[in-house]
$ cat run.csv   # CSV, C-alpha atoms and all ligand atoms
chain,number,residue,atom,x,y,z
V,1,ARG,CA,26.1,3.4,2.4
V,2,SER,CA,23.4,0.8,1.7
V,3,ILE,CA,23.1,1.8,-1.9
V,4,LYS,CA,26.8,1.3,-2.3
V,5,SER,CA,26.9,-1.9,-0.6
V,6,LEU,CA,24.0,-3.3,-2.6
V,7,THR,CA,25.6,-2.3,-5.9
V,8,THR,CA,29.2,-3.2,-5.2
V,9,SER,CA,29.2,-6.0,-2.7
V,10,PRO,CA,29.9,-9.6,-4.0
V,11,SER,CA,26.3,-10.5,-3.2
V,12,ALA,CA,24.9,-7.8,-5.4
V,13,HIS,CA,24.2,-10.2,-8.3
V,14,ILE,CA,22.4,-12.6,-6.0
V,15,LEU,CA,20.1,-9.8,-4.9
V,16,ARG,CA,19.5,-8.7,-8.5
V,17,ARG,CA,18.6,-12.2,-9.4
V,18,GLY,CA,16.1,-12.1,-6.5
V,19,TYR,CA,14.3,-9.1,-8.0
V,20,ALA,CA,13.7,-11.0,-11.3
V,21,SER,CA,12.1,-13.9,-9.3
V,22,GLU,CA,10.1,-11.4,-7.2
V,23,ALA,CA,12.0,-12.2,-4.0
V,24,VAL,CA,12.3,-8.5,-3.4
V,25,PRO,CA,8.9,-6.9,-2.8
V,26,LEU,CA,7.4,-4.3,-5.0
V,27,ARG,CA,7.8,-0.9,-3.4
V,28,LYS,CA,6.5,2.4,-4.6
V,29,VAL,CA,8.3,5.6,-3.5
V,30,THR,CA,6.8,9.0,-4.1
V,31,VAL,CA,8.9,12.2,-4.1
V,32,LEU,CA,6.9,15.4,-3.5
V,33,GLY,CA,8.9,18.4,-4.7
V,34,ALA,CA,10.9,16.1,-7.1
V,35,ALA,CA,12.0,18.8,-9.5
V,36,GLY,CA,13.7,21.0,-6.8
V,37,GLY,CA,17.3,21.4,-5.7
V,38,ILE,CA,17.0,18.4,-3.3
V,39,GLY,CA,14.2,16.6,-5.3
V,40,GLN,CA,16.3,16.1,-8.5
V,41,PRO,CA,19.4,14.4,-7.0
V,42,LEU,CA,17.2,12.6,-4.4
V,43,SER,CA,15.0,11.2,-7.2
V,44,LEU,CA,18.2,10.1,-9.1
V,45,LEU,CA,19.5,8.3,-6.0
V,46,MET,CA,16.1,6.6,-5.5
V,47,LYS,CA,16.2,5.5,-9.1
V,48,LEU,CA,19.5,3.8,-8.3
V,49,ASN,CA,18.0,2.0,-5.3
V,50,PRO,CA,17.2,-1.6,-6.3
V,51,LEU,CA,14.6,-1.8,-3.5
V,52,VAL,CA,12.3,0.6,-5.4
V,53,SER,CA,10.0,-0.9,-8.1
V,54,ASN,CA,7.9,2.3,-8.8
V,55,LEU,CA,9.1,5.8,-8.5
V,56,ALA,CA,6.5,8.6,-8.6
V,57,LEU,CA,7.9,12.1,-9.1
V,58,TYR,CA,5.6,15.0,-8.3
V,59,ASP,CA,6.2,18.7,-8.4
V,60,ILE,CA,4.1,21.8,-9.3
V,61,ALA,CA,6.8,22.9,-11.8
V,62,ASN,CA,9.3,21.2,-14.2
V,63,THR,CA,8.2,17.6,-13.5
V,64,PRO,CA,8.0,16.3,-17.1
V,65,GLY,CA,11.6,17.1,-17.9
V,66,VAL,CA,13.0,15.6,-14.7
V,67,ALA,CA,10.8,12.5,-15.0
V,68,ALA,CA,11.7,11.9,-18.7
V,69,ASP,CA,15.4,12.3,-17.9
V,70,ILE,CA,15.5,10.0,-14.9
V,71,SER,CA,13.2,7.4,-16.6
V,72,HIS,CA,15.9,6.6,-19.2
V,73,ILE,CA,18.2,5.2,-16.5
V,74,ASN,CA,18.4,1.4,-16.9
V,75,THR,CA,17.6,0.4,-13.3
V,76,ARG,CA,14.7,-1.6,-11.8
V,77,SER,CA,12.1,1.1,-11.1
V,78,GLU,CA,9.5,2.4,-13.4
V,79,VAL,CA,9.4,6.2,-13.3
V,80,VAL,CA,6.2,8.3,-13.7
V,81,GLY,CA,6.0,12.1,-13.4
V,82,TYR,CA,3.0,13.9,-12.1
V,83,ALA,CA,2.8,17.6,-12.8
V,84,SER,CA,-0.2,19.2,-11.3
V,85,ASP,CA,-2.4,19.3,-8.3
V,86,ALA,CA,-5.0,17.2,-10.2
V,87,GLU,CA,-2.4,14.4,-10.5
V,88,LEU,CA,-1.2,14.4,-6.9
V,89,GLY,CA,-3.6,11.6,-5.9
V,90,LYS,CA,-2.3,9.3,-8.6
V,91,ALA,CA,1.3,10.1,-7.5
V,92,LEU,CA,0.5,9.0,-4.0
V,93,GLU,CA,-1.8,6.0,-4.6
V,94,GLY,CA,-0.1,2.8,-3.4
V,95,ALA,CA,3.0,4.6,-2.1
V,96,ASP,CA,5.0,2.7,0.6
V,97,VAL,CA,7.3,5.7,1.3
V,98,VAL,CA,6.6,9.4,0.6
V,99,ILE,CA,9.5,11.7,0.7
V,100,ILE,CA,8.7,15.5,1.1
V,101,PRO,CA,11.4,18.0,0.0
V,102,ALA,CA,8.8,20.5,-1.2
V,103,GLY,CA,9.1,24.0,0.0
V,104,VAL,CA,11.3,27.1,-0.1
V,105,PRO,CA,14.9,27.0,1.2
V,106,ARG,CA,16.8,29.6,3.3
V,107,LYS,CA,18.8,32.5,2.1
V,108,PRO,CA,21.7,34.0,4.1
V,109,GLY,CA,20.5,35.7,7.3
V,110,MET,CA,17.4,33.6,7.6
V,111,THR,CA,16.6,31.0,10.2
V,112,ARG,CA,14.7,27.8,9.3
V,113,ASP,CA,11.8,29.2,11.3
V,114,ASP,CA,11.6,32.1,8.8
V,115,LEU,CA,10.4,29.5,6.2
V,116,PHE,CA,7.4,28.6,8.4
V,117,ASN,CA,4.9,30.9,6.8
V,118,ILE,CA,5.3,29.4,3.3
V,119,ASN,CA,6.3,25.9,4.0
V,120,ALA,CA,3.7,25.2,6.7
V,121,GLY,CA,0.9,25.7,4.1
V,122,ILE,CA,2.7,23.5,1.5
V,123,VAL,CA,3.2,20.7,4.0
V,124,LYS,CA,-0.4,20.9,5.2
V,125,GLY,CA,-1.8,20.5,1.7
V,126,LEU,CA,0.5,17.6,0.9
V,127,CYS,CA,-0.3,15.8,4.1
V,128,GLU,CA,-4.0,16.1,3.5
V,129,ALA,CA,-3.5,14.4,0.2
V,130,ILE,CA,-1.3,11.7,1.8
V,131,ALA,CA,-4.1,11.0,4.4
V,132,LYS,CA,-6.6,10.6,1.6
V,133,HIS,CA,-4.5,8.6,-0.9
V,134,CYS,CA,-1.9,6.6,1.0
V,135,PRO,CA,-2.6,6.7,4.7
V,136,LYS,CA,-0.4,3.8,5.4
V,137,ALA,CA,2.8,5.2,3.8
V,138,LEU,CA,5.9,6.0,5.7
V,139,VAL,CA,6.3,9.8,5.5
V,140,ASN,CA,9.9,11.2,5.4
V,141,MET,CA,9.6,14.9,6.1
V,142,ILE,CA,12.5,17.0,4.8
V,143,SER,CA,10.8,20.4,4.4
V,144,ASN,CA,11.9,23.0,7.0
V,145,PRO,CA,11.4,23.9,9.7
V,146,VAL,CA,11.3,20.1,10.5
V,147,ASN,CA,10.8,20.9,14.2
V,148,SER,CA,7.4,22.3,13.2
V,149,THR,CA,6.5,20.6,9.9
V,150,VAL,CA,6.5,17.1,11.6
V,151,PRO,CA,4.0,18.2,14.3
V,152,ILE,CA,1.9,19.9,11.5
V,153,ALA,CA,1.8,16.6,9.6
V,154,ALA,CA,0.8,14.7,12.8
V,155,GLU,CA,-2.1,17.1,13.4
V,156,ILE,CA,-3.3,16.9,9.8
V,157,PHE,CA,-3.2,13.1,10.0
V,158,LYS,CA,-5.0,13.1,13.4
V,159,LYS,CA,-7.8,15.3,11.9
V,160,ALA,CA,-8.1,12.8,9.0
V,161,GLY,CA,-8.2,9.9,11.5
V,162,THR,CA,-5.1,8.3,9.9
V,163,TYR,CA,-2.3,9.3,12.3
V,164,ASP,CA,0.1,6.5,13.1
V,165,PRO,CA,3.2,7.8,15.0
V,166,LYS,CA,5.1,4.8,13.7
V,167,ARG,CA,4.8,6.1,10.2
V,168,LEU,CA,5.9,9.8,10.5
V,169,PHE,CA,9.6,10.8,10.4
V,170,GLY,CA,11.4,14.1,10.4
V,171,VAL,CA,14.6,13.5,8.3
V,172,THR,CA,17.6,14.5,10.5
V,173,THR,CA,20.0,12.2,8.7
V,174,LEU,CA,22.0,15.2,7.3
V,175,ASP,CA,23.0,16.1,10.8
V,176,VAL,CA,24.3,12.6,11.3
V,177,VAL,CA,26.1,12.7,8.0
V,178,ARG,CA,27.8,16.1,8.9
V,179,ALA,CA,28.7,14.9,12.5
V,180,LYS,CA,30.4,11.8,11.0
V,181,THR,CA,32.3,13.8,8.4
V,182,PHE,CA,33.5,16.5,10.8
V,183,TYR,CA,34.4,14.0,13.6
V,184,ALA,CA,36.4,11.8,11.2
V,185,GLY,CA,38.4,14.9,10.0
V,186,LYS,CA,39.2,16.0,13.6
V,187,ALA,CA,39.8,12.5,15.1
V,188,MET,CA,41.8,11.3,12.0
V,189,VAL,CA,39.8,8.1,11.8
V,190,PRO,CA,38.4,6.5,8.6
V,191,VAL,CA,35.1,8.3,7.9
V,192,ALA,CA,33.3,5.1,6.7
V,193,GLU,CA,33.8,3.6,10.1
V,194,VAL,CA,32.4,6.5,12.1
V,195,ASN,CA,29.1,6.4,14.0
V,196,VAL,CA,27.7,9.4,15.9
V,197,PRO,CA,24.1,9.7,17.2
V,198,VAL,CA,22.6,13.1,16.8
V,199,VAL,CA,19.5,13.9,18.9
V,200,GLY,CA,17.1,16.7,19.6
V,201,GLY,CA,15.7,18.5,16.6
V,202,HIS,CA,16.8,20.0,13.3
V,203,ALA,CA,17.7,23.7,13.8
V,204,GLY,CA,20.6,25.4,15.5
V,205,ILE,CA,21.1,24.4,19.2
V,206,THR,CA,18.3,21.9,19.0
V,207,ILE,CA,20.7,19.7,16.9
V,208,LEU,CA,22.7,17.8,19.6
V,209,PRO,CA,25.4,15.5,18.4
V,210,LEU,CA,26.5,13.0,21.0
V,211,PHE,CA,30.3,12.9,20.3
V,212,SER,CA,30.9,11.2,23.7
V,213,GLN,CA,29.3,8.1,22.1
V,214,ALA,CA,31.1,8.5,18.8
V,215,THR,CA,33.1,5.5,17.5
V,216,PRO,CA,35.9,4.8,16.8
V,217,LYS,CA,36.9,6.4,20.0
V,218,ALA,CA,39.3,9.4,19.9
V,219,ASN,CA,40.9,11.5,22.6
V,220,LEU,CA,39.5,14.9,21.7
V,221,SER,CA,39.8,17.9,24.0
V,222,ASP,CA,36.8,19.7,25.4
V,223,GLU,CA,37.6,22.6,23.1
V,224,GLU,CA,37.7,20.3,20.1
V,225,LEU,CA,34.4,18.7,21.1
V,226,THR,CA,32.7,22.1,21.5
V,227,ALA,CA,34.0,23.2,18.1
V,228,LEU,CA,32.7,20.0,16.5
V,229,THR,CA,29.3,20.4,18.1
V,230,LYS,CA,29.0,24.0,17.0
V,231,ARG,CA,30.0,23.1,13.4
V,232,THR,CA,27.4,20.4,13.3
V,233,GLN,CA,24.7,22.7,14.6
V,234,ASP,CA,25.7,25.4,12.1
V,235,GLY,CA,26.3,23.0,9.1
V,236,GLY,CA,23.2,24.1,7.3
V,237,THR,CA,24.1,27.8,7.7
V,238,GLU,CA,27.6,27.1,6.5
V,239,VAL,CA,26.1,25.8,3.2
V,240,VAL,CA,23.5,28.6,3.0
V,241,GLU,CA,26.3,31.2,3.3
V,242,ALA,CA,28.6,29.5,0.8
V,243,LYS,CA,25.7,29.3,-1.7
V,244,ALA,CA,25.2,33.1,-1.2
V,245,GLY,CA,21.5,33.4,-1.9
V,246,LYS,CA,21.2,30.4,-4.2
V,247,GLY,CA,19.6,28.1,-1.6
V,248,SER,CA,20.7,25.6,1.0
V,249,ALA,CA,22.1,22.1,1.1
V,250,THR,CA,20.8,20.0,-1.8
V,251,LEU,CA,23.4,17.4,-2.7
V,252,SER,CA,24.4,16.3,0.8
V,253,MET,CA,20.7,16.4,1.7
V,254,ALA,CA,19.8,14.2,-1.3
V,255,TYR,CA,22.4,11.7,-0.1
V,256,ALA,CA,21.1,11.9,3.5
V,257,GLY,CA,17.5,11.6,2.3
V,258,ALA,CA,18.3,8.6,0.2
V,259,ILE,CA,20.1,6.9,3.1
V,260,PHE,CA,17.0,7.4,5.3
V,261,ALA,CA,14.5,6.3,2.7
V,262,ASP,CA,16.6,3.2,2.0
V,263,ALA,CA,16.5,2.4,5.8
V,264,CYS,CA,12.7,2.7,5.7
V,265,LEU,CA,12.5,0.3,2.8
V,266,LYS,CA,14.8,-2.2,4.4
V,267,GLY,CA,12.7,-2.0,7.6
V,268,LEU,CA,9.5,-2.6,5.6
V,269,ASN,CA,11.2,-5.5,3.9
V,270,GLY,CA,12.0,-7.1,7.2
V,271,VAL,CA,15.7,-6.5,7.3
V,272,PRO,CA,16.7,-6.8,11.0
V,273,ASP,CA,18.5,-4.1,13.1
V,274,VAL,CA,18.0,-1.1,10.8
V,275,ILE,CA,18.7,1.9,13.0
V,276,GLU,CA,18.8,5.6,12.0
V,277,CYS,CA,18.3,8.8,13.9
V,278,SER,CA,15.0,10.5,13.2
V,279,PHE,CA,12.7,13.2,14.7
V,280,VAL,CA,9.6,11.2,15.8
V,281,GLN,CA,6.9,11.1,18.3
V,282,SER,CA,8.8,10.2,21.5
V,283,THR,CA,8.7,9.7,25.2
V,284,VAL,CA,12.5,9.8,25.5
V,285,THR,CA,12.2,13.3,27.0
V,286,GLU,CA,9.1,15.2,28.2
V,287,LEU,CA,8.8,16.8,24.6
V,288,PRO,CA,6.2,15.2,22.4
V,289,PHE,CA,8.6,14.9,19.4
V,290,PHE,CA,12.3,14.3,19.7
V,291,ALA,CA,15.1,13.0,17.4
V,292,SER,CA,17.0,10.0,18.6
V,293,ARG,CA,18.0,6.6,17.3
V,294,VAL,CA,15.1,4.6,16.0
V,295,ARG,CA,14.8,1.0,15.0
V,296,LEU,CA,12.9,0.6,11.8
V,297,GLY,CA,10.7,-2.4,10.9
V,298,LYS,CA,7.7,-3.6,8.9
V,299,ASN,CA,5.4,-1.0,10.4
V,300,GLY,CA,7.8,1.9,10.4
V,301,VAL,CA,9.1,2.8,13.9
V,302,GLU,CA,9.7,-0.5,15.7
V,303,GLU,CA,11.4,1.1,18.8
V,304,VAL,CA,12.5,4.6,19.8
V,305,LEU,CA,15.8,4.1,21.5
V,306,GLY,CA,17.0,6.0,24.5
V,307,LEU,CA,19.8,8.6,24.6
V,308,GLY,CA,22.4,6.5,26.4
V,309,PRO,CA,25.0,8.0,28.7
V,310,LEU,CA,25.6,11.8,28.1
V,311,SER,CA,28.6,13.9,29.0
V,312,ASP,CA,28.0,16.9,31.3
V,313,TYR,CA,28.4,19.1,28.2
V,314,GLU,CA,25.7,17.1,26.4
V,315,LYS,CA,23.4,17.1,29.4
V,316,GLU,CA,23.7,20.9,29.5
V,317,GLY,CA,23.0,21.1,25.7
V,318,LEU,CA,20.0,18.9,26.1
V,319,GLU,CA,18.4,21.1,28.8
V,320,LYS,CA,19.2,24.2,26.7
V,321,LEU,CA,17.6,23.0,23.6
V,322,LYS,CA,14.2,22.0,25.2
V,323,PRO,CA,12.5,25.4,25.3
V,324,GLU,CA,13.3,26.2,21.7
V,325,LEU,CA,12.3,22.8,20.4
V,326,LEU,CA,9.1,22.8,22.4
V,327,SER,CA,8.1,26.2,21.1
V,328,SER,CA,8.7,25.1,17.5
V,329,ILE,CA,6.6,22.0,18.1
V,330,GLU,CA,3.8,24.0,19.6
V,331,LYS,CA,3.9,26.5,16.8
V,332,GLY,CA,3.3,23.7,14.3
V,333,ILE,CA,0.5,22.2,16.4
V,334,LYS,CA,-1.2,25.6,16.7
V,335,PHE,CA,-1.0,26.2,12.9
V,336,ALA,CA,-2.5,22.9,12.1
V,337,THR,CA,-5.3,22.9,14.7
V,338,GLN,CA,-6.5,26.5,14.1
F,401,LIG,P1,13.9,24.2,-4.0
F,401,LIG,O1,13.2,25.5,-4.0
F,401,LIG,O2,15.1,24.0,-4.8
F,401,LIG,O3,12.9,23.0,-4.4
F,401,LIG,C1,11.6,22.9,-3.8
F,401,LIG,C2,10.7,22.3,-4.8
F,401,LIG,O4,9.4,22.2,-4.1
F,401,LIG,C3,10.5,23.2,-6.0
F,401,LIG,O5,10.7,22.3,-7.2
F,401,LIG,C4,9.0,23.6,-6.0
F,401,LIG,O6,8.4,23.7,-7.2
F,401,LIG,C5,8.4,22.4,-5.1
F,401,LIG,N1,7.2,22.8,-4.5
F,401,LIG,C6,6.7,23.9,-3.9
F,401,LIG,N2,5.5,23.8,-3.5
F,401,LIG,C7,5.1,22.5,-3.8
F,401,LIG,C8,3.9,21.8,-3.7
F,401,LIG,N3,2.8,22.3,-3.1
F,401,LIG,N4,3.9,20.5,-4.1
F,401,LIG,C9,5.0,20.0,-4.7
F,401,LIG,N5,6.1,20.6,-4.9
F,401,LIG,C10,6.2,21.9,-4.4
F,401,LIG,O7,14.3,23.9,-2.4
F,401,LIG,P2,15.3,22.8,-1.9
F,401,LIG,O8,16.7,23.3,-1.8
F,401,LIG,O9,15.0,21.5,-2.6
F,401,LIG,O10,14.8,22.6,-0.4
F,401,LIG,C11,13.5,22.1,-0.1
F,401,LIG,C12,13.2,22.1,1.4
F,401,LIG,O11,14.0,21.2,2.1
F,401,LIG,C13,13.4,23.5,2.1
F,401,LIG,O12,12.3,23.7,3.0
F,401,LIG,C14,14.7,23.3,2.8
F,401,LIG,O13,14.8,24.2,3.9
F,401,LIG,C15,14.6,21.9,3.2
F,401,LIG,N6,15.8,21.2,3.6
F,401,LIG,C16,15.8,20.3,4.7
F,401,LIG,C17,16.9,19.7,5.1
F,401,LIG,C18,16.9,18.7,6.2
F,401,LIG,O14,17.9,18.3,6.7
F,401,LIG,N7,15.7,18.2,6.6
F,401,LIG,C19,18.1,19.9,4.4
F,401,LIG,C20,18.1,20.8,3.3
F,401,LIG,C21,17.0,21.4,2.9
F,402,LIG,C1,20.3,22.0,6.4
F,402,LIG,O1,20.6,21.6,7.5
F,402,LIG,O2,21.2,22.0,5.5
F,402,LIG,C2,18.9,22.3,6.0
F,402,LIG,O3,18.1,22.3,7.2
F,402,LIG,C3,18.8,23.5,5.2
F,402,LIG,C4,19.1,24.8,6.0
F,402,LIG,O4,18.3,25.7,5.9
F,402,LIG,O5,20.1,24.9,6.7

$ encode --input "run.csv" --output "structure tokens" --more "lines below"
Ligand code: NAD
Ligand code: LMR
Amino acid sequence: RSIKSLTTSPSAHILRRGYASEAVPLRKVTVLGAAGGIGQPLSLLMKLNPLVSNLALYDIANTPGVAADISHINTRSEVVGYASDAELGKALEGADVVIIPAGVPRKPGMTRDDLFNINAGIVKGLCEAIAKHCPKALVNMISNPVNSTVPIAAEIFKKAGTYDPKRLFGVTTLDVVRAKTFYAGKAMVPVAEVNVPVVGGHAGITILPLFSQATPKANLSDEELTALTKRTQDGGTEVVEAKAGKGSATLSMAYAGAIFADACLKGLNGVPDVIECSFVQSTVTELPFFASRVRLGKNGVEEVLGLGPLSDYEKEGLEKLKPELLSSIEKGIKFATQ
């Protein structure tokens, strides 16, 4: 959305002129897991983002090829690839935003929680490095299970004495992207105009789209709303099954990750009223982490917004998701504090 508007709107040339005269701040973005299924298209989209001045691409495999390839694109940012553990510190140094799509994806029949054993360790190691080399960066956590990896990151940062809840985000934008697409198709409204908050977490029933607040308004039946909710909750599984053992969503996730990172950069740059849904430390419910709409600003989270009015169906969904979400959060905390 924002990338498109910056590159195609009539004001695009004015903005570009601004970069040359340093009106647009220098911003370093680091992608950890940059050569993966998400990492590659996400790095490409970040290379297209004019708010980025330095793009650091880190992976434990195949980084040089991806970095060389992306570096030939004639856009603002300078691209540097970092290929080994020994180079992780340099990849992170000075980063304003760190995006983490490092880790294994699901195969058919698996839940996101089945990835915990491998991905928890990967995320822990990467977060220890973030605490050491760029403790002030905004961290965009994509690696699953997000409901646990975000609490893991928080505990690692706490241990290092660098935790700032305003700077840690679970990326749930793909749930919003899906909810918008599915709603537009059912409600027969232009997809570009659709807004739907998605709250809770990022796995199965913990994903709670609030279609009662969707705009433009449409007169959908209870059956249609139930089907839309279920399709949004199962969107990831729909892709996992369609890919039949070759991984999970990568292209739509790269798009969603680029939207969210762009929102973080806009917030850092002082653009007002930047609002996206994200899984953050929260007091919106009794759970310590919860996804809801968040206002982004110069320090990361400016304000965690409330849920707004819920339908009875959504109220029921909210109560149902709490035990599962809490148990995933506690699992992450336990892993990181052991
Ligand atoms: P992938 O296997 O294609 O890519 C993962 C990359 O991570 C690989 O290139 C691998 O070398 C790299 N990697 C592994 N350990 C690393 C480490 N210690 N440091 C740096 N890089 C490391 O997987 P993918 O399809 O890109 O998915 C990545 C993760 O994103 C999975 O956990 C997946 O479940 C998750 N995901 C989340 C969402 C979401 O909405 N939040 C959506 C889709 C996928
Ligand atoms: C998604 O929602 O597509 C991701 O969380 C990947 C998955 O495993 O479903």

$ residues_near_ligand --input "run.csv" --ligand "ligand LIG 401 (chain F)" --cutoff "6 Å" --atoms "all atoms listed in the file" --output "PyMOL selection string"
chain V and resi 32-33+35-39+59-61+101-106+122+142-144+171-172+174+247-250+253

$ residues_near_point --input "run.csv" --point "(3.6, 26.1, 9.5)" --cutoff "7 Å" --atoms "all atoms listed in the file" --output "tab-separated table (two decimals) with C-alpha atoms, in the coordinates of the input"
chain	number	residue	atom	x	y	z
V	116	PHE	CA	7.40	28.60	8.40
V	117	ASN	CA	4.90	30.90	6.80
V	119	ASN	CA	6.30	25.90	4.00
V	120	ALA	CA	3.70	25.20	6.70
V	121	GLY	CA	0.90	25.70	4.10
V	148	SER	CA	7.40	22.30	13.20
V	149	THR	CA	6.50	20.60	9.90
V	152	ILE	CA	1.90	19.90	11.50
V	332	GLY	CA	3.30	23.70	14.30
V	335	PHE	CA	-1.00	26.20	12.90

$ closest_residue --input "run.csv" --among "V:Lys166, V:Arg76, V:Leu88, V:Pro216" --to "Thr63 of chain V" --atoms "all atoms listed in the file"
V:Leu88

$ closest_residue --input "run.csv" --among "V:Ala244, V:Val176, V:Leu228, V:Ala91" --to "Cys277 of chain V" --atoms "only C-alpha atoms"
V:Val176

$ atom_distance --input "run.csv" --atom1 "atom O5 of ligand LIG 402 (chain F)" --atom2 "atom CA of Phe289 of chain V"
19.8 Å

$ residues_around --input "run.csv" --residues "Thr337 of chain V" --least-positions-apart "6" --cutoff "9 Å" --atoms "all atoms listed in the file" --output "PyMOL selection string"
chain V and resi 152+155-156+159

$ residues_near_point --input "run.csv" --point "(19.7, 9.3, 21.8)" --cutoff "10 Å" --atoms "all atoms listed in the file" --output "mmCIF file with C-alpha atoms, keeping the file's coordinate frame"
data_model
loop_
_atom_site.group_PDB
_atom_site.id
_atom_site.type_symbol
_atom_site.label_atom_id
_atom_site.label_comp_id
_atom_site.auth_asym_id
_atom_site.auth_seq_id
_atom_site.Cartn_x
_atom_site.Cartn_y
_atom_site.Cartn_z
ATOM 1 C CA VAL V 196 27.700 9.400 15.900
ATOM 2 C CA PRO V 197 24.100 9.700 17.200
ATOM 3 C CA VAL V 198 22.600 13.100 16.800
ATOM 4 C CA VAL V 199 19.500 13.900 18.900
ATOM 5 C CA GLY V 200 17.100 16.700 19.600
ATOM 6 C CA LEU V 208 22.700 17.800 19.600
ATOM 7 C CA PRO V 209 25.400 15.500 18.400
ATOM 8 C CA LEU V 210 26.500 13.000 21.000
ATOM 9 C CA GLN V 213 29.300 8.100 22.100
ATOM 10 C CA CYS V 277 18.300 8.800 13.900
ATOM 11 C CA SER V 278 15.000 10.500 13.200
ATOM 12 C CA VAL V 284 12.500 9.800 25.500
ATOM 13 C CA THR V 285 12.200 13.300 27.000
ATOM 14 C CA PHE V 290 12.300 14.300 19.700
ATOM 15 C CA ALA V 291 15.100 13.000 17.400
ATOM 16 C CA SER V 292 17.000 10.000 18.600
ATOM 17 C CA ARG V 293 18.000 6.600 17.300
ATOM 18 C CA VAL V 294 15.100 4.600 16.000
ATOM 19 C CA VAL V 304 12.500 4.600 19.800
ATOM 20 C CA LEU V 305 15.800 4.100 21.500
ATOM 21 C CA GLY V 306 17.000 6.000 24.500
ATOM 22 C CA LEU V 307 19.800 8.600 24.600
ATOM 23 C CA GLY V 308 22.400 6.500 26.400
ATOM 24 C CA PRO V 309 25.000 8.000 28.700
ATOM 25 C CA LEU V 310 25.600 11.800 28.100
#

$ atom_distance --input "run.csv" --atom1 "atom CA of Lys243 of chain V" --atom2 "atom O2 of ligand LIG 402 (chain F)"
11.2 Å

$ closest_residue --input "run.csv" --among "V:Pro41, V:Gly235, V:Pro108, V:Gly94" --to "Ile70 of chain V" --atoms "all atoms listed in the file"
V:Pro41

$ decode --input "run.csv" --residues "segment 244-257 of chain V" --atoms "N, CA and C atoms" --output "PDB file, in the first residue's frame"
ATOM      1  N   ALA V 244       1.839 -28.385  -0.363  1.00  0.00           N
ATOM      2  CA  ALA V 244       2.027 -29.837  -0.279  1.00  0.00           C
ATOM      3  C   ALA V 244       3.434 -30.275   0.120  1.00  0.00           C
ATOM      4  N   GLY V 245       3.938 -29.705   1.215  1.00  0.00           N
ATOM      5  CA  GLY V 245       5.237 -30.146   1.722  1.00  0.00           C
ATOM      6  C   GLY V 245       6.380 -29.207   1.356  1.00  0.00           C
ATOM      7  N   LYS V 246       6.094 -28.198   0.521  1.00  0.00           N
ATOM      8  CA  LYS V 246       7.152 -27.267   0.100  1.00  0.00           C
ATOM      9  C   LYS V 246       7.137 -25.970   0.913  1.00  0.00           C
ATOM     10  N   GLY V 247       6.569 -26.020   2.119  1.00  0.00           N
ATOM     11  CA  GLY V 247       6.619 -24.847   2.995  1.00  0.00           C
ATOM     12  C   GLY V 247       5.290 -24.154   3.159  1.00  0.00           C
ATOM     13  N   SER V 248       5.350 -22.934   3.707  1.00  0.00           N
ATOM     14  CA  SER V 248       4.128 -22.183   4.003  1.00  0.00           C
ATOM     15  C   SER V 248       4.143 -20.867   3.233  1.00  0.00           C
ATOM     16  N   ALA V 249       3.251 -19.970   3.587  1.00  0.00           N
ATOM     17  CA  ALA V 249       3.136 -18.698   2.851  1.00  0.00           C
ATOM     18  C   ALA V 249       4.475 -17.954   2.850  1.00  0.00           C
ATOM     19  N   THR V 250       4.919 -17.553   1.689  1.00  0.00           N
ATOM     20  CA  THR V 250       6.165 -16.795   1.577  1.00  0.00           C
ATOM     21  C   THR V 250       5.918 -15.455   0.871  1.00  0.00           C
ATOM     22  N   LEU V 251       5.175 -15.502  -0.252  1.00  0.00           N
ATOM     23  CA  LEU V 251       5.010 -14.290  -1.065  1.00  0.00           C
ATOM     24  C   LEU V 251       4.033 -13.319  -0.394  1.00  0.00           C
ATOM     25  N   SER V 252       2.875 -13.846   0.040  1.00  0.00           N
ATOM     26  CA  SER V 252       1.922 -12.979   0.739  1.00  0.00           C
ATOM     27  C   SER V 252       2.532 -12.509   2.065  1.00  0.00           C
ATOM     28  N   MET V 253       3.357 -13.353   2.687  1.00  0.00           N
ATOM     29  CA  MET V 253       4.009 -12.958   3.940  1.00  0.00           C
ATOM     30  C   MET V 253       5.044 -11.864   3.696  1.00  0.00           C
ATOM     31  N   ALA V 254       5.770 -11.994   2.593  1.00  0.00           N
ATOM     32  CA  ALA V 254       6.749 -10.955   2.270  1.00  0.00           C
ATOM     33  C   ALA V 254       6.030  -9.617   2.081  1.00  0.00           C
ATOM     34  N   TYR V 255       4.901  -9.647   1.381  1.00  0.00           N
ATOM     35  CA  TYR V 255       4.100  -8.429   1.183  1.00  0.00           C
ATOM     36  C   TYR V 255       3.675  -7.856   2.538  1.00  0.00           C
ATOM     37  N   ALA V 256       3.131  -8.746   3.388  1.00  0.00           N
ATOM     38  CA  ALA V 256       2.647  -8.302   4.697  1.00  0.00           C
ATOM     39  C   ALA V 256       3.804  -7.773   5.560  1.00  0.00           C
ATOM     40  N   GLY V 257       4.940  -8.466   5.514  1.00  0.00           N
ATOM     41  CA  GLY V 257       6.102  -8.033   6.298  1.00  0.00           C
ATOM     42  C   GLY V 257       6.615  -6.680   5.826  1.00  0.00           C
TER      43      GLY V 257
END
